[in-house]
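> One structure coming up, written as structure tokens, with questions to follow.
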Amino acid sequence: YMPGDPRRYGAVGDGLTEDSAAFNRALRVEQNVTAHPGLTYLVTALLATIENQVITATGATLKQKASTNRPMLVLNAARISVRGGVWDGNSGNQSGSPIDQYGHQAIAINADDCSVEDIVSLNSFGLGIAGHHCNRARIARNRIIAARVTGIYLESLQANAAGNVIEDNHIDSTGFAMAYGILIAADGKFEFAQSQFTIQRNTLVGNTTAGSVGITTQTIGSGTVIDNDVVGYSLGISGDSSSGSLFSRNRVSGQGTVIGYGIEINNGGNTRSE
């Protein structure tokens, strides 16, 4: 097997054998990593620490082992790219409190200038794709299906974050009450902010139960929310403390009668909705 192929380091890819150690050995090599198409890798937690690494899983499946309260893959170095693959969180075999659910993530971005593109995040017990005080992340063309808490979650709870782009994703939250499609959250004490963000051309479908929201920006900063389609949820789009932001050409429908708002703007000085 070629360098960067997890099978070279002992991975089996039969969906039954625990392949985390072998896959992590591949990730530690100064090479790009390619999961072999047609195989299913059973993993607990993977860690990428090589800058500029490309991780390709097109045609392959990575399935999280049962009773795991961790992200499937953490990007811990700058400019890592993840491309393709089915990332199955195996939610039916996970457990924990609502707080524990935030630990379940298909992919967690903990570094700047990373990208996640063309993946399928399936059956996450918590979050599909998450970014933690990262800058200039690009999350594009992904399908996120049945994430129990939030499809895409970006937070700046411990440091400022800027320049993140969420575009051309399809998120299906139907089947789970109080689920968010896209949530950008800043520090509740107003110490840190998400700014210069872009959320565009995403399609979101969700339940109309109380508490479910298609797109929420709790950012204490400026950004653009444009050309998104939001179907269902009890609230289509919520801009909370998103000062100087632009909400434009978004289409919302089917919000039901529990809350029933299409677009809500709170505490948004100089914010425009068109």
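As shown in the structure tokens, the chain order sets the letters A, B, ...; within each chain, residues go from 1, and ligands are also counted from 1 in the order they appear.
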Taking a cut-off of 12 Å and counting only C-alpha atoms, can you build a table that, for each residue of segment 5-114 of chain A near segment 125-143 of chain A, reports the nearest atom pair and how far apart they are in Å (one decimal), sorted by chain then residue number, as a Markdown table?

```
| residue | atom | partner | partner_atom | distance |
| --- | --- | --- | --- | --- |
| A:Gln64 | CA | A:Phe125 | CA | 10.3 |
| A:Lys65 | CA | A:Phe125 | CA | 11.9 |
| A:Ala66 | CA | A:Phe125 | CA | 10.7 |
| A:Ser67 | CA | A:Phe125 | CA | 10.4 |
| A:Thr68 | CA | A:Phe125 | CA | 9.8 |
| A:Asn69 | CA | A:Phe125 | CA | 9.0 |
| A:Arg70 | CA | A:Gly126 | CA | 9.9 |
| A:Pro71 | CA | A:Leu127 | CA | 8.9 |
| A:Met72 | CA | A:Gly128 | CA | 10.1 |
| A:Leu73 | CA | A:Ile129 | CA | 9.9 |
| A:Val74 | CA | A:Ala130 | CA | 9.5 |
| A:Leu75 | CA | A:Gly131 | CA | 9.4 |
| A:Asn76 | CA | A:Cys134 | CA | 10.3 |
| A:Ala77 | CA | A:Cys134 | CA | 10.6 |
| A:Ala78 | CA | A:Cys134 | CA | 9.6 |
| A:Arg79 | CA | A:Ala137 | CA | 8.8 |
| A:Ile80 | CA | A:Ala137 | CA | 9.9 |
| A:Ser81 | CA | A:Arg138 | CA | 9.3 |
| A:Val82 | CA | A:Ile139 | CA | 9.7 |
| A:Arg83 | CA | A:Asn142 | CA | 9.5 |
| A:Gly84 | CA | A:Asn142 | CA | 8.4 |
| A:Gly85 | CA | A:Asn142 | CA | 10.0 |
| A:Val86 | CA | A:Arg143 | CA | 9.4 |
| A:Trp87 | CA | A:Gly128 | CA | 9.0 |
| A:Asp88 | CA | A:Gly128 | CA | 9.7 |
| A:Gly89 | CA | A:Phe125 | CA | 6.4 |
| A:Asn90 | CA | A:Phe125 | CA | 7.4 |
| A:Ser91 | CA | A:Phe125 | CA | 4.5 |
| A:Gly92 | CA | A:Phe125 | CA | 7.8 |
| A:Asn93 | CA | A:Phe125 | CA | 8.9 |
| A:Gln94 | CA | A:Phe125 | CA | 6.6 |
| A:Ser95 | CA | A:Phe125 | CA | 7.9 |
| A:Gly96 | CA | A:Phe125 | CA | 9.1 |
| A:Ser97 | CA | A:Gly126 | CA | 10.4 |
| A:Pro98 | CA | A:Gly126 | CA | 8.4 |
| A:Ile99 | CA | A:Gly126 | CA | 9.2 |
| A:Asp100 | CA | A:Gly126 | CA | 8.1 |
| A:Gln101 | CA | A:Gly126 | CA | 4.4 |
| A:Tyr102 | CA | A:Gly126 | CA | 5.2 |
| A:Gly103 | CA | A:Gly126 | CA | 6.9 |
| A:His104 | CA | A:Gly126 | CA | 4.8 |
| A:Gln105 | CA | A:Leu127 | CA | 4.7 |
| A:Ala106 | CA | A:Gly128 | CA | 5.2 |
| A:Ile107 | CA | A:Ile129 | CA | 5.1 |
| A:Ala108 | CA | A:Ala130 | CA | 4.8 |
| A:Ile109 | CA | A:Gly131 | CA | 4.5 |
| A:Asn110 | CA | A:His132 | CA | 5.3 |
| A:Ala111 | CA | A:Cys134 | CA | 5.3 |
| A:Asp112 | CA | A:Asn135 | CA | 4.8 |
| A:Asp113 | CA | A:Arg136 | CA | 4.9 |
| A:Cys114 | CA | A:Ala137 | CA | 5.0 |
```
> What are the closest atom pairs, with distances in Å to one decimal, for all residues of segment 86-205 of chain A lying within 8 Å of segment 228-245 of chain A? Consider only C-alpha atoms, order rows by chain and residue number, and present the result as a tab-separated table.

```
residue	atom	partner	partner_atom	distance
A:Ile199	CA	A:Asn228	CA	7.8
A:Gln200	CA	A:Asn228	CA	5.7
A:Arg201	CA	A:Asn228	CA	4.6
A:Asn202	CA	A:Asn228	CA	4.9
A:Thr203	CA	A:Asp229	CA	4.8
A:Leu204	CA	A:Val230	CA	4.8
A:Val205	CA	A:Val231	CA	4.8
```
> Could you save those same residues with N, CA and C atoms as an mmCIF file, in the first residue's frame?

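Wrote selection_13.cif, looks like this:
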```
data_model
loop_
_atom_site.group_PDB
_atom_site.id
_atom_site.type_symbol
_atom_site.label_atom_id
_atom_site.label_comp_id
_atom_site.auth_asym_id
_atom_site.auth_seq_id
_atom_site.Cartn_x
_atom_site.Cartn_y
_atom_site.Cartn_z
ATOM 1 N N ILE A 199 -22.654 33.075 5.326
ATOM 2 C CA ILE A 199 -23.528 31.898 5.265
ATOM 3 C C ILE A 199 -24.361 32.061 4.001
ATOM 4 N N GLN A 200 -24.088 31.245 2.986
ATOM 5 C CA GLN A 200 -24.758 31.489 1.712
ATOM 6 C C GLN A 200 -25.068 30.196 0.959
ATOM 7 N N ARG A 201 -26.211 30.241 0.266
ATOM 8 C CA ARG A 201 -26.652 29.182 -0.648
ATOM 9 C C ARG A 201 -26.786 27.818 0.027
ATOM 10 N N ASN A 202 -27.147 27.822 1.282
ATOM 11 C CA ASN A 202 -27.394 26.558 1.987
ATOM 12 C C ASN A 202 -28.877 26.213 1.929
ATOM 13 N N THR A 203 -29.166 24.913 1.958
ATOM 14 C CA THR A 203 -30.541 24.430 2.025
ATOM 15 C C THR A 203 -30.718 23.691 3.345
ATOM 16 N N LEU A 204 -31.747 24.099 4.106
ATOM 17 C CA LEU A 204 -31.977 23.518 5.425
ATOM 18 C C LEU A 204 -33.423 23.081 5.538
ATOM 19 N N VAL A 205 -33.629 21.871 6.063
ATOM 20 C CA VAL A 205 -34.963 21.321 6.246
ATOM 21 C C VAL A 205 -35.068 20.815 7.680
#
```
> From the options A:Gly221, A:Gly13, A:Gly38, A:Gly214, which residue's atoms come nearest to Ile263 of chain A, counting only C-alpha atoms?
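Using only C-alpha atoms, Ile263 of chain A sits closest to A:Gly214.
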> Between atom CA of Ala11 of chain A and atom CA of Thr49 of chain A, measure the distance and give it in Å to one decimal.
19.2 Å
> Taking 3 positions as the minimum chain separation for residues in the same chain, which residues sit within 7 Å of Thr34 of chain A when counting only C-alpha atoms? Answer as a ChimeraX atom specification.
/A:4-5,55-57
> Need to verify the contact set: Gly206 of chain A, 12 Å, only C-alpha atoms, exclusion of same-chain residues closer than 6 positions in sequence. Can you return it as a PyMOL selection string?
chain A and resi 144-151+170-182+212-215+229-236+252-256
> Just give me the gap between atom CA of Gly15 of chain A and atom CA of Val54 of chain A in Å, one decimal is fine.
22.9 Å
> Rank nothing, just name the residue among A:Gln158, A:Asn266, A:Asn32, A:Asn164 nearest to Glu51 of chain A, using only C-alpha atoms.
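Comparing A:Gln158, A:Asn266, A:Asn32, A:Asn164 against Glu51 of chain A, the winner is A:Asn32.
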